[in-house]
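Here's the structure we're looking at; comments come further down.
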Amino acid sequence: MIGYDEQLPAVTSSLPSHNTRSIILVFCCTILGAAAQIFMKMGANTLAYPTVLQTILHIGTNVPLIAGYILYGISTLLLIVALKTGQLSVLYPIISLTYVWVTILSVIVFNESVNIYKAVGLAIIMLGVAVLGMDSRK
Amino acid sequence: MKTPLSSILLVLLSAFIGSFGAVLLKSGSSRLSRTWQSLFLNTRIIFGVGLFLFSSIFAVLAMREGELSVLYPMSSFASILTMFWSRLFFGEPLTRKKFVGLGLIIAGITCLFSHR
C-alpha cells in the first residue's frame, strides 16, 4: 500500500484551465501522502509482537497506524480528483516529490541517515517514476 | 546494515499484491456511472480496495524494522509491475520511454539495496 500513488488508474480529459488547480492539489497530496507514511512507520515501530498473526491482529488497534491509513485514504481521493482534470505528464513528476518528503521526514523524525548512495538512488528512482508515468495511460 | 533483507522482501511482496489492486481499480473504473452508489456496488472496485488493504499488511510488517528512507522508495517496484499488467490486461503499449523509466527505477532500487 505504500507508494501506489504513481500507479492509480487515471481518468482524463485534459483541460488546461484546470492545470494550476490540479498541480496545487497534487502538491498537497504529496505532503499528505508523506505524512501518512511517517505515521505508519511510527505505528509499525511499536508493533513488537512475537508472531506475525498477533502483529496483524494489532494493526487495527494502533492509533498512529490508523491515522496513517486515514491520511493515505484522503490523499488518494484527492489525487484521483486531481488526475481527472490535470495533465499527467506534468503531474507525475510532482507526485514523485513524495519520495523527497518521506526521506526528509525520516531523517527528522526517525534520525535516519542519508548518504550519497541513498540520495543518488532516490534521485534515480524519482526520475524513473516520472519518465514511466509520463508515457502511461494512453 | 540497518534495513534487513526480510523487510525489503516484504515491501516488494506488498508492491506485487498492490499492483493487482490497481488493475482491479482500473478495470472497475470503466464500469462506473456518475452516481456514488455505482462506486460501492462495483465488485472490482471493492476487490481492488480490498487487495490494497491486504497488501498494506505486508508493508506494515516490513516497516517494523529498517529505515523508511530505504523501504519507501523501493515501493516504486509497483509501478514497474503496473507497466507490464497494463500491457497484459489493457493492451497499453510498452514504449521505449517506459523501458527507460523501468531501467532507472531498477538502478535506483539496486543502489538503495547495495547501500542499505
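Labels for the C-alpha cells follow display order: chains A, B, ..., residues from 1 in each chain, ligands from 1.
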
Residues within 9 Å of Arg44 of chain B, only C-alpha atoms, excluding chain neighbours under 5 positions, as a list in words: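 Surrounding residues, per the criterion: Leu24, Leu25, Lys26, Ser27, Gly28, Ser29 and Val49 of chain B.
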
Polymer residues at most 7 Å from Tyr92 of chain A, only C-alpha atoms, same-chain spacing of 4 or more positions, as JSON, numbers by chain: {"A": [6, 88, 96, 130, 133, 134]}

Take the residues that were just selected and, keeping N, CA and C atoms, output them as a PDB file, in the first residue's frame.
ATOM      1  N   GLU A   6       1.678   6.535  -7.730  1.00  0.00           N
ATOM      2  CA  GLU A   6       2.054   6.733  -9.118  1.00  0.00           C
ATOM      3  C   GLU A   6       1.390   5.749 -10.067  1.00  0.00           C
ATOM      4  N   LEU A  88      -1.243  14.621 -17.155  1.00  0.00           N
ATOM      5  CA  LEU A  88      -0.449  13.636 -16.432  1.00  0.00           C
ATOM      6  C   LEU A  88       1.056  13.845 -16.527  1.00  0.00           C
ATOM      7  N   SER A  96       6.161  12.404  -7.607  1.00  0.00           N
ATOM      8  CA  SER A  96       7.376  11.768  -7.081  1.00  0.00           C
ATOM      9  C   SER A  96       8.082  12.634  -6.028  1.00  0.00           C
ATOM     10  N   ALA A 130       8.978   9.373 -12.846  1.00  0.00           N
ATOM     11  CA  ALA A 130       8.485  10.484 -13.666  1.00  0.00           C
ATOM     12  C   ALA A 130       8.466  10.103 -15.147  1.00  0.00           C
ATOM     13  N   GLY A 133       5.805   7.412 -15.742  1.00  0.00           N
ATOM     14  CA  GLY A 133       4.469   7.959 -15.608  1.00  0.00           C
ATOM     15  C   GLY A 133       4.050   8.833 -16.783  1.00  0.00           C
ATOM     16  N   MET A 134       5.030   9.545 -17.337  1.00  0.00           N
ATOM     17  CA  MET A 134       4.739  10.455 -18.458  1.00  0.00           C
ATOM     18  C   MET A 134       4.148   9.736 -19.661  1.00  0.00           C
TER      19      MET A 134
END

Residue nearest chain B among A:Ala44, A:Ile74, A:Val52, A:Asn111 (counting only C-alpha atoms):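 Residue with the minimum atom-to-atom distance to chain B: A:Ala44.
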
Interface, chain B side, toward chain A (8 Å; only C-alpha atoms) as number ranges by chain: B: 14-15, 18-19, 22-23, 25-26, 29, 52-53, 55-57, 59-61, 63-65, 67-70, 72-73, 75-76, 78-79, 82-83, 92, 95, 97-112, 115-116

Saved selection, atoms kept: N, CA and C atoms, as a short mmCIF file (atom, residue, chain, number, x, y, z; two decimals), in the first residue's frame:
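The new file selection-v6.cif reads:
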data_model
loop_
_atom_site.label_atom_id
_atom_site.label_comp_id
_atom_site.auth_asym_id
_atom_site.auth_seq_id
_atom_site.Cartn_x
_atom_site.Cartn_y
_atom_site.Cartn_z
N SER B 14 4.50 -6.64 -0.97
CA SER B 14 3.38 -5.71 -0.84
C SER B 14 3.12 -4.98 -2.15
N ALA B 15 4.20 -4.57 -2.81
CA ALA B 15 4.08 -3.89 -4.10
C ALA B 15 3.46 -4.82 -5.14
N GLY B 18 -0.25 -5.20 -4.31
CA GLY B 18 -0.92 -3.92 -4.55
C GLY B 18 -1.07 -3.60 -6.02
N SER B 19 -0.13 -4.06 -6.84
CA SER B 19 -0.21 -3.75 -8.27
C SER B 19 -1.44 -4.41 -8.91
N ALA B 22 -4.41 -2.21 -8.26
CA ALA B 22 -4.52 -1.13 -9.25
C ALA B 22 -5.20 -1.62 -10.52
N VAL B 23 -4.89 -2.86 -10.93
CA VAL B 23 -5.51 -3.43 -12.13
C VAL B 23 -7.03 -3.53 -11.93
N LEU B 25 -8.90 -1.81 -9.83
CA LEU B 25 -9.50 -0.47 -9.77
C LEU B 25 -9.68 0.10 -11.16
N LYS B 26 -8.63 -0.07 -11.98
CA LYS B 26 -8.70 0.44 -13.35
C LYS B 26 -9.83 -0.24 -14.12
N SER B 29 -13.14 0.95 -12.85
CA SER B 29 -13.44 2.36 -13.09
C SER B 29 -14.12 2.60 -14.43
N PHE B 52 -5.60 -3.70 -1.93
CA PHE B 52 -4.72 -2.66 -1.42
C PHE B 52 -4.55 -2.81 0.10
N LEU B 53 -5.69 -3.03 0.78
CA LEU B 53 -5.63 -3.18 2.23
C LEU B 53 -4.82 -4.42 2.61
N SER B 55 -2.46 -5.81 0.83
CA SER B 55 -1.04 -5.55 0.55
C SER B 55 -0.42 -4.67 1.64
N SER B 56 -1.26 -3.81 2.25
CA SER B 56 -0.72 -2.91 3.27
C SER B 56 -0.26 -3.66 4.51
N ILE B 57 -0.85 -4.84 4.76
CA ILE B 57 -0.41 -5.65 5.91
C ILE B 57 1.08 -5.97 5.77
N ALA B 59 3.26 -4.31 3.99
CA ALA B 59 4.04 -3.07 4.11
C ALA B 59 4.28 -2.73 5.58
N VAL B 60 3.23 -2.90 6.40
CA VAL B 60 3.35 -2.62 7.83
C VAL B 60 4.35 -3.60 8.46
N LEU B 61 4.24 -4.89 8.10
CA LEU B 61 5.19 -5.87 8.62
C LEU B 61 6.62 -5.51 8.22
N MET B 63 7.79 -2.50 7.63
CA MET B 63 8.25 -1.28 8.29
C MET B 63 8.56 -1.46 9.77
N ARG B 64 8.26 -2.65 10.32
CA ARG B 64 8.58 -2.86 11.73
C ARG B 64 10.08 -2.70 11.98
N GLU B 65 10.85 -3.11 10.99
CA GLU B 65 12.31 -2.99 11.11
C GLU B 65 12.84 -2.24 9.89
N GLU B 67 14.88 1.09 7.76
CA GLU B 67 14.73 2.51 7.55
C GLU B 67 13.65 2.82 6.52
N LEU B 68 12.80 3.78 6.86
CA LEU B 68 11.74 4.19 5.93
C LEU B 68 12.34 4.82 4.67
N SER B 69 13.46 5.51 4.85
CA SER B 69 14.10 6.17 3.70
C SER B 69 14.68 5.17 2.69
N VAL B 70 14.79 3.90 3.09
CA VAL B 70 15.21 2.85 2.16
C VAL B 70 13.98 2.12 1.64
N TYR B 72 10.61 2.91 1.67
CA TYR B 72 9.56 3.60 0.92
C TYR B 72 9.89 3.75 -0.57
N PRO B 73 11.11 4.23 -0.92
CA PRO B 73 11.39 4.33 -2.36
C PRO B 73 11.31 3.00 -3.10
N SER B 75 9.09 0.84 -2.86
CA SER B 75 7.73 0.52 -3.26
C SER B 75 7.46 0.96 -4.70
N SER B 76 8.38 1.74 -5.28
CA SER B 76 8.24 2.13 -6.68
C SER B 76 8.31 0.91 -7.61
N ALA B 78 6.27 -1.27 -7.61
CA ALA B 78 4.89 -1.46 -8.06
C ALA B 78 4.64 -0.83 -9.43
N SER B 79 5.27 0.32 -9.69
CA SER B 79 4.98 0.97 -10.97
C SER B 79 5.59 0.20 -12.15
N THR B 82 3.05 -2.53 -12.71
CA THR B 82 1.85 -1.95 -13.33
C THR B 82 2.05 -1.74 -14.82
N MET B 83 3.27 -1.37 -15.19
CA MET B 83 3.59 -1.18 -16.60
C MET B 83 3.33 -2.47 -17.40
N GLU B 92 -2.17 -1.62 -23.21
CA GLU B 92 -1.46 -0.34 -23.32
C GLU B 92 -0.05 -0.60 -23.86
N THR B 95 6.24 1.41 -24.42
CA THR B 95 7.05 2.33 -25.21
C THR B 95 8.50 2.30 -24.75
N LYS B 97 10.16 4.87 -23.83
CA LYS B 97 10.24 5.73 -22.64
C LYS B 97 9.94 4.93 -21.36
N LYS B 98 8.94 4.05 -21.46
CA LYS B 98 8.59 3.25 -20.28
C LYS B 98 9.75 2.35 -19.87
N PHE B 99 10.45 1.78 -20.87
CA PHE B 99 11.58 0.93 -20.53
C PHE B 99 12.73 1.73 -19.93
N VAL B 100 12.88 2.99 -20.37
CA VAL B 100 13.88 3.87 -19.76
C VAL B 100 13.52 4.08 -18.28
N GLY B 101 12.24 4.35 -18.02
CA GLY B 101 11.76 4.51 -16.65
C GLY B 101 12.01 3.27 -15.82
N LEU B 102 11.70 2.11 -16.42
CA LEU B 102 11.91 0.83 -15.74
C LEU B 102 13.39 0.65 -15.37
N GLY B 103 14.27 0.93 -16.32
CA GLY B 103 15.71 0.80 -16.07
C GLY B 103 16.17 1.70 -14.94
N LEU B 104 15.67 2.94 -14.95
CA LEU B 104 16.06 3.90 -13.91
C LEU B 104 15.58 3.43 -12.53
N ILE B 105 14.33 2.96 -12.48
CA ILE B 105 13.79 2.52 -11.18
C ILE B 105 14.59 1.33 -10.65
N ILE B 106 14.90 0.37 -11.53
CA ILE B 106 15.68 -0.80 -11.09
C ILE B 106 17.07 -0.37 -10.63
N ALA B 107 17.68 0.56 -11.37
CA ALA B 107 19.01 1.05 -10.98
C ALA B 107 18.95 1.73 -9.61
N GLY B 108 17.92 2.55 -9.40
CA GLY B 108 17.77 3.25 -8.13
C GLY B 108 17.54 2.29 -6.97
N ILE B 109 16.67 1.28 -7.18
CA ILE B 109 16.41 0.29 -6.13
C ILE B 109 17.69 -0.48 -5.81
N THR B 110 18.43 -0.85 -6.86
CA THR B 110 19.69 -1.58 -6.67
C THR B 110 20.67 -0.74 -5.85
N CYS B 111 20.72 0.55 -6.17
CA CYS B 111 21.61 1.46 -5.45
C CYS B 111 21.24 1.52 -3.96
N LEU B 112 19.95 1.65 -3.68
CA LEU B 112 19.50 1.68 -2.28
C LEU B 112 19.77 0.34 -1.60
N HIS B 115 23.44 -0.26 -0.59
CA HIS B 115 23.98 0.59 0.47
C HIS B 115 22.95 0.80 1.57
N ARG B 116 22.16 -0.23 1.82
CA ARG B 116 21.10 -0.09 2.82
C ARG B 116 21.70 -0.11 4.21
#

For the helix (DSSP H, G or I) assignment from backbone DSSP, which residues of chain B qualify? Please present them as a CSV table (one decimal) with C-alpha atoms, in the first residue's frame.
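Final output, selection-v9.csv:
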chain,number,residue,atom,x,y,z
B,5,LEU,CA,16.5,-8.3,3.7
B,6,SER,CA,13.3,-9.6,5.2
B,7,SER,CA,11.8,-6.0,5.3
B,8,ILE,CA,12.9,-5.4,1.7
B,9,LEU,CA,11.3,-8.6,0.5
B,10,LEU,CA,8.1,-7.8,2.4
B,11,VAL,CA,7.9,-4.3,0.7
B,12,LEU,CA,8.4,-5.9,-2.7
B,13,LEU,CA,5.7,-8.5,-1.9
B,14,SER,CA,3.4,-5.7,-0.8
B,15,ALA,CA,4.1,-3.9,-4.1
B,16,PHE,CA,3.4,-7.1,-6.1
B,17,ILE,CA,0.0,-7.6,-4.4
B,18,GLY,CA,-0.9,-3.9,-4.5
B,19,SER,CA,-0.2,-3.7,-8.3
B,20,PHE,CA,-3.1,-6.2,-8.9
B,21,GLY,CA,-5.3,-3.9,-6.7
B,22,ALA,CA,-4.5,-1.1,-9.3
B,23,VAL,CA,-5.5,-3.4,-12.1
B,24,LEU,CA,-8.9,-4.2,-10.5
B,25,LEU,CA,-9.5,-0.5,-9.8
B,26,LYS,CA,-8.7,0.4,-13.3
B,27,SER,CA,-10.9,-2.3,-14.8
B,28,GLY,CA,-13.7,-1.3,-12.3
B,29,SER,CA,-13.4,2.4,-13.1
B,37,GLN,CA,-23.8,4.0,-5.4
B,38,SER,CA,-22.1,2.7,-8.5
B,39,LEU,CA,-18.8,3.0,-6.7
B,40,PHE,CA,-19.8,0.9,-3.7
B,43,THR,CA,-17.3,-5.7,-7.3
B,44,ARG,CA,-14.0,-4.9,-9.0
B,45,ILE,CA,-13.5,-1.6,-7.1
B,46,ILE,CA,-14.4,-3.4,-3.8
B,47,PHE,CA,-11.9,-6.2,-4.5
B,48,GLY,CA,-9.3,-3.6,-5.7
B,49,VAL,CA,-9.5,-1.7,-2.4
B,50,GLY,CA,-9.5,-5.0,-0.6
B,51,LEU,CA,-6.3,-6.0,-2.3
B,52,PHE,CA,-4.7,-2.7,-1.4
B,53,LEU,CA,-5.6,-3.2,2.2
B,54,PHE,CA,-4.3,-6.7,2.1
B,55,SER,CA,-1.0,-5.6,0.6
B,56,SER,CA,-0.7,-2.9,3.3
B,57,ILE,CA,-0.4,-5.6,5.9
B,58,PHE,CA,2.9,-6.7,4.3
B,59,ALA,CA,4.0,-3.1,4.1
B,60,VAL,CA,3.4,-2.6,7.8
B,61,LEU,CA,5.2,-5.9,8.6
B,62,ALA,CA,8.1,-4.6,6.5
B,63,MET,CA,8.3,-1.3,8.3
B,68,LEU,CA,11.7,4.2,5.9
B,69,SER,CA,14.1,6.2,3.7
B,70,VAL,CA,15.2,2.9,2.2
B,71,LEU,CA,11.9,0.9,2.2
B,72,TYR,CA,9.6,3.6,0.9
B,73,PRO,CA,11.4,4.3,-2.4
B,74,MET,CA,11.5,0.6,-3.0
B,77,PHE,CA,8.7,-1.5,-7.8
B,78,ALA,CA,4.9,-1.5,-8.1
B,79,SER,CA,5.0,1.0,-11.0
B,80,ILE,CA,7.2,-1.4,-12.9
B,81,LEU,CA,4.8,-4.2,-12.4
B,82,THR,CA,1.9,-1.9,-13.3
B,83,MET,CA,3.6,-1.2,-16.6
B,84,PHE,CA,3.5,-4.9,-17.5
B,85,TRP,CA,0.0,-5.5,-16.2
B,86,SER,CA,-1.2,-2.5,-18.3
B,87,ARG,CA,0.1,-4.2,-21.4
B,88,LEU,CA,-1.2,-7.6,-20.4
B,89,PHE,CA,-4.7,-6.6,-19.2
B,90,PHE,CA,-5.4,-3.4,-21.1
B,96,ARG,CA,10.8,3.0,-25.2
B,97,LYS,CA,10.2,5.7,-22.6
B,98,LYS,CA,8.6,3.3,-20.3
B,99,PHE,CA,11.6,0.9,-20.5
B,100,VAL,CA,13.9,3.9,-19.8
B,101,GLY,CA,11.8,4.5,-16.7
B,102,LEU,CA,11.9,0.8,-15.7
B,103,GLY,CA,15.7,0.8,-16.1
B,104,LEU,CA,16.1,3.9,-13.9
B,105,ILE,CA,13.8,2.5,-11.2
B,106,ILE,CA,15.7,-0.8,-11.1
B,107,ALA,CA,19.0,1.1,-11.0
B,108,GLY,CA,17.8,3.2,-8.1
B,109,ILE,CA,16.4,0.3,-6.1
B,110,THR,CA,19.7,-1.6,-6.7
B,111,CYS,CA,21.6,1.5,-5.5
B,112,LEU,CA,19.5,1.7,-2.3
B,113,PHE,CA,19.7,-2.1,-1.8
B,114,SER,CA,23.5,-2.2,-2.0

Atom-to-atom span, atom CA of Leu25 of chain A and atom CA of Arg31 of chain B, Å: 25.7 Å

Polymer residues at most 12 Å from Asn19 of chain A, only C-alpha atoms, same-chain spacing of 5 or more positions, as a ChimeraX atom specification: /A:12-14,24-26,81-91
